[in-house]
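Novice: Dumping the structure here so I can ask a few things about it.
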Amino acid sequence: MAGWRGSRGGGDGGAQSVERVSSSRTVRLGKVQPQAPGHRTVFCNDRDANALAKFKGNSVSTTKYDVFTFLPKGLFEQFRRVANLYFLMISIISCTPVSPVSPITNVLPLSMVLLVSLVKEAWEDWKRFQNDMAINNSSIEVLQDQKWVFTPWKKLQVGDIIKVKQDGFFPADLLFLASTNADGVCYIETANLDGETNLKIRKALEKTWDYVNPEKISEFKGEIQCEQPNNSLYTYTGNLIVDKQSLPLSPNQLLLRGCSLRNTEYIVGAVVFTGHETKVMMNSMKIPSKRSTLEKKLDKLILALFSVLFSMCVLGAIGSGIFINPKYYYLRFENTSRTEKQFNPDNRFVAILTFFTLITLYSPIIPISLYVSVEMIKFIQSTQFINNDLHMYHAESNTPASARTSNLNEELGQVEYIFSDKTGTLTRNLMEFFKCSIGGEVYGTGVSEIEIKIAQRTGAKFESQKQPHAAREKGFNFDDGRLMQGAWRNEPNPESCKEFFRCLAICHTVLPEGEESPEKIRYQAASPDESALVIAAKNFGFFFYKRSPTTIYVRESHVEKMGKVQDIAYEILNVLEFNSTRKRQSVVCRYPDGRLVLYCKGADTVIYERLADGDGDLRRISREHLEQFGASGLRTLCLAYRNLSPDEYENWNEKYVQAKSSLRDREKKLDEVAELIEKNLILIGCTAIEDKLQEGVPQCIETLSRAGIKIWVLTGDKMETAINIAYACKLISNSMKQFIISSETDDIREIEERGDQVELARFMKELVKNELKRCNEEAQQYLLSESRPKLALVIDGKCLMYALDPSLRVILLNLSLNCSAVVCCRVSPLQKAQVTSLVKKGANRITLSIGDGANDVSMIQAAHVGVGISGQEGMQAVMASDFSIAQFRFLTELLLVHGRWSYHRICKVVTYFFYKNLMFTLTQFWFTFETGFSGQRFYDDWFQSLYNVIFTALPVIIIGLFDKDVNATLSKKYPELYKEGIRNAFFKWRVVATWAFFAVYQSLVLYYFVVASSNRAMNSAGKMFGLWDVSTMAFTSVVVTVNIRLLMMCNTITRWHHISVGGSILAWFTFVFIYSGFVLPKEQENIYFVIYVLMSTFYFYFTLLLVPVAALFVDFIYLGVQRWFFPYDYQIVQEIHRHEVDNNRIGLLEIGNNDVSPDDARRYAIMQLPGQKSKHTGFAFDSPGYESFFASQAGVYVPQKAWDVARRASMRNRPKPPRKN
């Protein structure tokens, strides 16, 4: 949360913060100065001056196309796919004289695919356009001629003064000038930016507090010099020049488009960024698309098919060149017509022309419907199966699972490495103040969840001194009478206790809400840790109940004497905020008696570096306590303070104000200035906060480990904390051999104390190198031993920084891949992404990253599959993810059930497509040998066109949706089944070669059996069968054979299989009956009445029965031998449970009635109601289309509203069910 930066002493209107400068308005000489490349100048309430700068308007457009660019741009997007480009080439060739087939054969299917894709694009873009119009025409009050006038958003201009009322949305990025609240503050909700529903506070500059009414604001003529538009949501630098005074601006004065105003009657602001230059619109981009590994291998398969096609065409072209020879004079090649010059022996290009002829003839070998079918299957798998699985529905938060993309379903079935955050992912992120250390004394008698797990692991006994019936406030689970109700006054270190409690009550950015009583007040905090610390201070008798922009009010009990309560106002002069680089937060405050104090809290490594010399015993004892807390799985912070002299503070504050007024590198300069005062600190003590494990995490990790998945935990916590969490999660066990590479050694500490950074870097790199080599050698020895124990690696962030060096990266990777579990401690967000990329690219393994916070986004996007947890830290991780779930334990269902099923199904779909098209094309290929390689077609053009589109299309989709080797219960009972996906057992080249063999065999049987049997066959008139009779018979046999073969590969056969297979065969007969019943143009006239003649003969029925049986007989034998002698793992499980009845609905939700309580079922039914399917679509980081086709794909209900984002943010939050005690 943005804190109270820039309070009175910090540069927001106080006398000390004013820097006299000359405004650029005084030297304009009639025209605006050119815009500096580093910043922009905005003149408030002066449209004429701003017009010369040509700022962008506030109209937004999120459409991809317009009327003129739709067709060319849309077609360009479609033909970027290699398959579509291939079919375009085939369609063009089919329109030339060398094509033996009608152009309609290839043009029609391609046109249908392109038409469907373009219609989808057009519909999606039209919805975007409608929403853009609704948004742009929304009205807002703008100051014109000393009065508020309603104006459409699209007509707003930079520099306009506008008024936004309560619950309204900010139409552009605004500089906050004034509000109806006291002290110029307002409350905003940023749910549409980061998913956080807790309110944020923004504070106007004191100089502009009075500009509330139109008469007063019309006099305002300020000048804003600020940064150029950028996509950084949490930074803003600039200066406001008013009356020749330069006042520094910060994110505290910026109101971003998309946020909403809360608990404030109205605010007045000046527009600084508009339209596509607003920060939210500059963040409105799609997540980089990911392609699954199987899809990439599919591309290779298509290339292999193309190679086969090329080889067949080359062979045919060579045969044609040999066959078309003058010595075959009796074929009279010389008398061929002009349109058939390719058969003229004198034509040098006979072979080349025949090559192109055969390309069009054999083009069905690459199926155009494959991509459409696979996309359809994945889409339904995501929206209907994953999104609606009750086993992944979290009733407490009313959150279902969500597949935010359908591209990676099968990737979920091949994951080998999981990279997980700890806080909020493995743990609940519900922090409770548990223990503390003050002045070298430990307080708190409770036993943490991790300590219990450790005791169970080691067999030790423990006793909890916690009072069993003590009522505890949420966030406070502390039990020690020595500090409660003023008893701390009797401790040997009461002054340290008092400073400790005041640090907790003052050093934070928490906002109080509700009544000013300890029982009814609520705290809005940026993190659960901050809230827990303030709640702890309240319970210790230091009740923070109110704050203003410059003051914090604390009700202190038992300070001067027991029982006395007094309200103390602490003036907040500066807030030095926490960030991932500083890892600390400081507050400079003034006591009522004038005392100046700096309170600081942060990570122990950071605080210890800044402590004053002396008092080594306290530092040593506190460090031991920190390690003790870490070993108990608790999150630790160190607290320190420093008394400041007025002169020292004034000198420092001048530098602080100067840094805060800087337009360039403001954050860096502020950090540098903070270093000047955050030194010589006095250690007070440390806090220990418990974050309990999520439900089912140990069982989930144990199950995933059995499935062959290796889990790495990447956390910013201390090593001791991370190791014990890993033990509690069953990630690490006593039987494992652990390798620990840590920077917390005496030698390193000694060098750190000397302060020689060059020597430290050299020593650390050499240490890490030696440790990695030693561990790697030991690991190889363990792997070669008879016992072969499982290995675990623990490494901290400092060592990891050197281990990721290019010279050591290979050793780290080899060591890590040999370990069953890896724990990385004290790592930064960048290091998380680097470790993920190391395994993804270096080892070429399928990776999955899972996290819940903004610091996990880079890791989530770096992995093959990103999973976001919708937890306590907003929705940034969910917005950047491919799949979102509410709890870590749902990974079992997502991977072992849906992932494995999706992988099996897509593999079957792809290999079946490959088989049926290769077999069909080869029958045409064998016919070519009997036609002198002339390119004579064996099948009618419409037969060939509709083979993939109608006669074999539906059954393969059904198998992609409903085939199931074992049910969900058995999938989780036997997690080892998942290893088949890791090995890619069902899409290896060996599997493809097996299908290719059967395609060749069946094509030979189908072609030669039908042709041979037709030599003596005659129709009822006594005439022999001609070409079209034989080809129709062969095509009928092909359709029947491939559909029956599909049934043979099914693990489960449902009514949908019967309907699809029977329907496909019936569709063929219906079509051929109608098609043969009419006299058609010359090209198709030979097919007239063919089917009626065929079906009037015994030959037809005998062949239809015999040929498919002969073709599939070898397949049947192969499947039997394979199942009996070389079974897959899932086939063994099938045999074990073959007598058990599967009561679950096949292919649909795996909802067992015994597993779901009536209350959960009711909640799920409520969740399914329109409007409550999802809280967030994450538009700010996902797609600029607020309502789009992709929103419906993600399972988000999108009714016809002006601005869906606005609608969601303005919805009342549903009351959470009462927590059971």
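So you can find residues: chains in the structure tokens are A, B, ... in the order shown, residues in each start at 1, and ligands are numbered from 1 in order.
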Excluding same-chain residues fewer than 2 positions from region 611-616 of chain A, what lies within 7 Å of it counting only C-alpha atoms, as a compact mmCIF listing (two decimals) with N, CA and C atoms, in the first residue's frame?
Specialist:
# COMPACT_ATOMS: atom_id res chain seq x y z
N ILE A 607 18.51 -5.18 8.86
CA ILE A 607 18.58 -4.42 10.12
C ILE A 607 19.94 -4.59 10.77
N TYR A 608 20.46 -5.81 10.80
CA TYR A 608 21.72 -6.06 11.48
C TYR A 608 22.87 -5.29 10.82
N GLU A 609 22.79 -5.08 9.51
CA GLU A 609 23.83 -4.32 8.83
C GLU A 609 23.86 -2.86 9.24
N LEU A 618 23.28 -8.59 23.09
CA LEU A 618 21.89 -8.52 22.64
C LEU A 618 21.78 -8.97 21.19
N ARG A 619 22.71 -8.55 20.37
CA ARG A 619 22.68 -8.95 18.97
C ARG A 619 22.82 -10.46 18.83
N ARG A 620 23.76 -11.02 19.60
CA ARG A 620 23.98 -12.47 19.52
C ARG A 620 22.77 -13.25 20.02
N LYS A 679 20.78 4.31 9.95
CA LYS A 679 22.06 3.78 10.40
C LYS A 679 22.20 4.04 11.90
N ASN A 680 23.16 3.36 12.50
CA ASN A 680 23.37 3.49 13.95
C ASN A 680 22.09 3.20 14.73
N LEU A 681 21.37 2.18 14.28
CA LEU A 681 20.10 1.82 14.93
C LEU A 681 20.35 1.05 16.22
N ILE A 682 19.37 1.14 17.11
CA ILE A 682 19.41 0.38 18.36
C ILE A 682 18.40 -0.74 18.26
N LEU A 683 18.86 -1.96 18.42
CA LEU A 683 17.98 -3.12 18.28
C LEU A 683 17.02 -3.19 19.46
Novice: For Ser934 (chain A), list every protein, DNA or RNA residue within 8 Å, evaluated using only C-alpha atoms, and leave out those in the same chain fewer than 3 positions away; present the list as a list in words.
Specialist: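 Residues near the query, excluding close chain neighbours: Ser320, Phe343, Thr354, Thr928 and Thr931 of chain A.
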Novice: Now that the selection is made, can you save its residues with N, CA, C and O atoms as a PDB file, in the first residue's frame?
Specialist:
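Done, and the output landed in part02.pdb:
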ATOM      1  N   SER A 320       5.981 -41.260 -63.812  1.00  0.00           N
ATOM      2  CA  SER A 320       5.311 -40.645 -64.962  1.00  0.00           C
ATOM      3  C   SER A 320       6.307 -40.356 -66.073  1.00  0.00           C
ATOM      4  O   SER A 320       6.018 -40.581 -67.256  1.00  0.00           O
ATOM      5  N   PHE A 343       0.978 -35.064 -70.770  1.00  0.00           N
ATOM      6  CA  PHE A 343       1.129 -36.461 -71.168  1.00  0.00           C
ATOM      7  C   PHE A 343       1.780 -36.602 -72.543  1.00  0.00           C
ATOM      8  O   PHE A 343       1.819 -37.684 -73.118  1.00  0.00           O
ATOM      9  N   THR A 354       3.473 -33.538 -63.471  1.00  0.00           N
ATOM     10  CA  THR A 354       2.883 -34.652 -62.734  1.00  0.00           C
ATOM     11  C   THR A 354       3.099 -34.481 -61.225  1.00  0.00           C
ATOM     12  O   THR A 354       2.229 -34.831 -60.419  1.00  0.00           O
ATOM     13  N   THR A 928      -2.542 -45.146 -58.153  1.00  0.00           N
ATOM     14  CA  THR A 928      -1.698 -44.416 -59.105  1.00  0.00           C
ATOM     15  C   THR A 928      -0.796 -45.360 -59.877  1.00  0.00           C
ATOM     16  O   THR A 928      -0.489 -45.124 -61.051  1.00  0.00           O
ATOM     17  N   THR A 931      -2.471 -46.592 -63.004  1.00  0.00           N
ATOM     18  CA  THR A 931      -2.939 -45.603 -63.983  1.00  0.00           C
ATOM     19  C   THR A 931      -1.778 -44.918 -64.688  1.00  0.00           C
ATOM     20  O   THR A 931      -1.927 -43.832 -65.243  1.00  0.00           O
TER      21      THR A 931
END
Novice: Select, from A:Lys54, A:Lys216, A:Lys564, A:Lys378, the residue with the minimum atom-to-atom distance to Gly899 (chain A), counting only C-alpha atoms.
Specialist: A:Lys378
Novice: Quick one: residues within 7 Å of Phe273 (chain A), only C-alpha atoms counted, chain neighbours fewer than 6 positions away excluded, as a list in words?
Specialist: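 My list of contacting residues is Val158, Ala172, Asp173 and Pro229 of chain A.
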Novice: Run DSSP on the backbone of this structure and report the residues of region 141-274 of chain A it assigns to strand (DSSP E), as a PyMOL selection string.
Specialist: chain A and resi 141-144+147-152+161-165+173-179+185-189+200-203+223-227+238-242+245-249+254-255+260-262+266-273
Novice: Nearest residue to Pro171 (chain A) out of A:Arg291, A:His276, A:Arg482, A:Arg582, using only C-alpha atoms?
Specialist: A:His276
Novice: Choose the residue, out of A:Ile1074, A:Ala1067, A:Cys824, A:Leu961, that has the smallest atom-to-atom separation from Val374 (chain A); count only C-alpha atoms.
Specialist: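 Closest to Val374 (chain A) of all the choices is A:Leu961.
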Novice: Region 832-840 of chain A: which residues within 7 Å, counting only C-alpha atoms, same-chain residues fewer than 5 positions away excluded, as a list of chain:residue names?
Specialist: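 Final neighbour list, sorted by chain and number: A:Leu714, A:Val827, A:Arg845, A:Ile846, A:Thr847, A:Ser858, A:Met859, A:Ala862, A:Ala863.
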Novice: Quick one: residues within 8 Å of Lys979 (chain A), only C-alpha atoms counted, chain neighbours fewer than 5 positions away excluded, as a PyMOL selection string?
Specialist: chain A and resi 414+707-708
Novice: Return as an NGL selection string the full set of residues in region 220-339 of chain A whose backbone-based DSSP assignment is helix (DSSP H, G or I).
Specialist: :A and (251-253 or 275-277 or 279-282 or 293-323 or 329-331 or 333-335 or 338-339)
Novice: Excluding region 1038-1044 of chain A and any residue of its chain fewer than 2 positions from it, enumerate the residues within 7 Å of it, using only C-alpha atoms, and give them as number ranges by chain.
Specialist: A: 916, 951-952, 1034-1036, 1046-1048, 1061, 1065, 1108
Novice: Kindly indicate which residue among A:Cys226, A:Ala525, A:Ile689, A:Leu361 lies nearest to Phe433 (chain A), using only C-alpha atoms for the distances.
Specialist: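 Smallest separation from Phe433 (chain A) among the options: A:Ile689.
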Novice: From the options A:Val280, A:Glu778, A:Lys498, A:Arg1045, which residue's atoms come nearest to Phe1116 (chain A), counting only C-alpha atoms?
Specialist: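 Nearest to Phe1116 (chain A): A:Arg1045.
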Novice: Between CA of Ile438 (chain A) and CA of Ala722 (chain A), measure the distance and give it in Å to one decimal.
Specialist: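 Straight-line distance from CA of Ile438 (chain A) to CA of Ala722 (chain A) works out to 23.9 Å.
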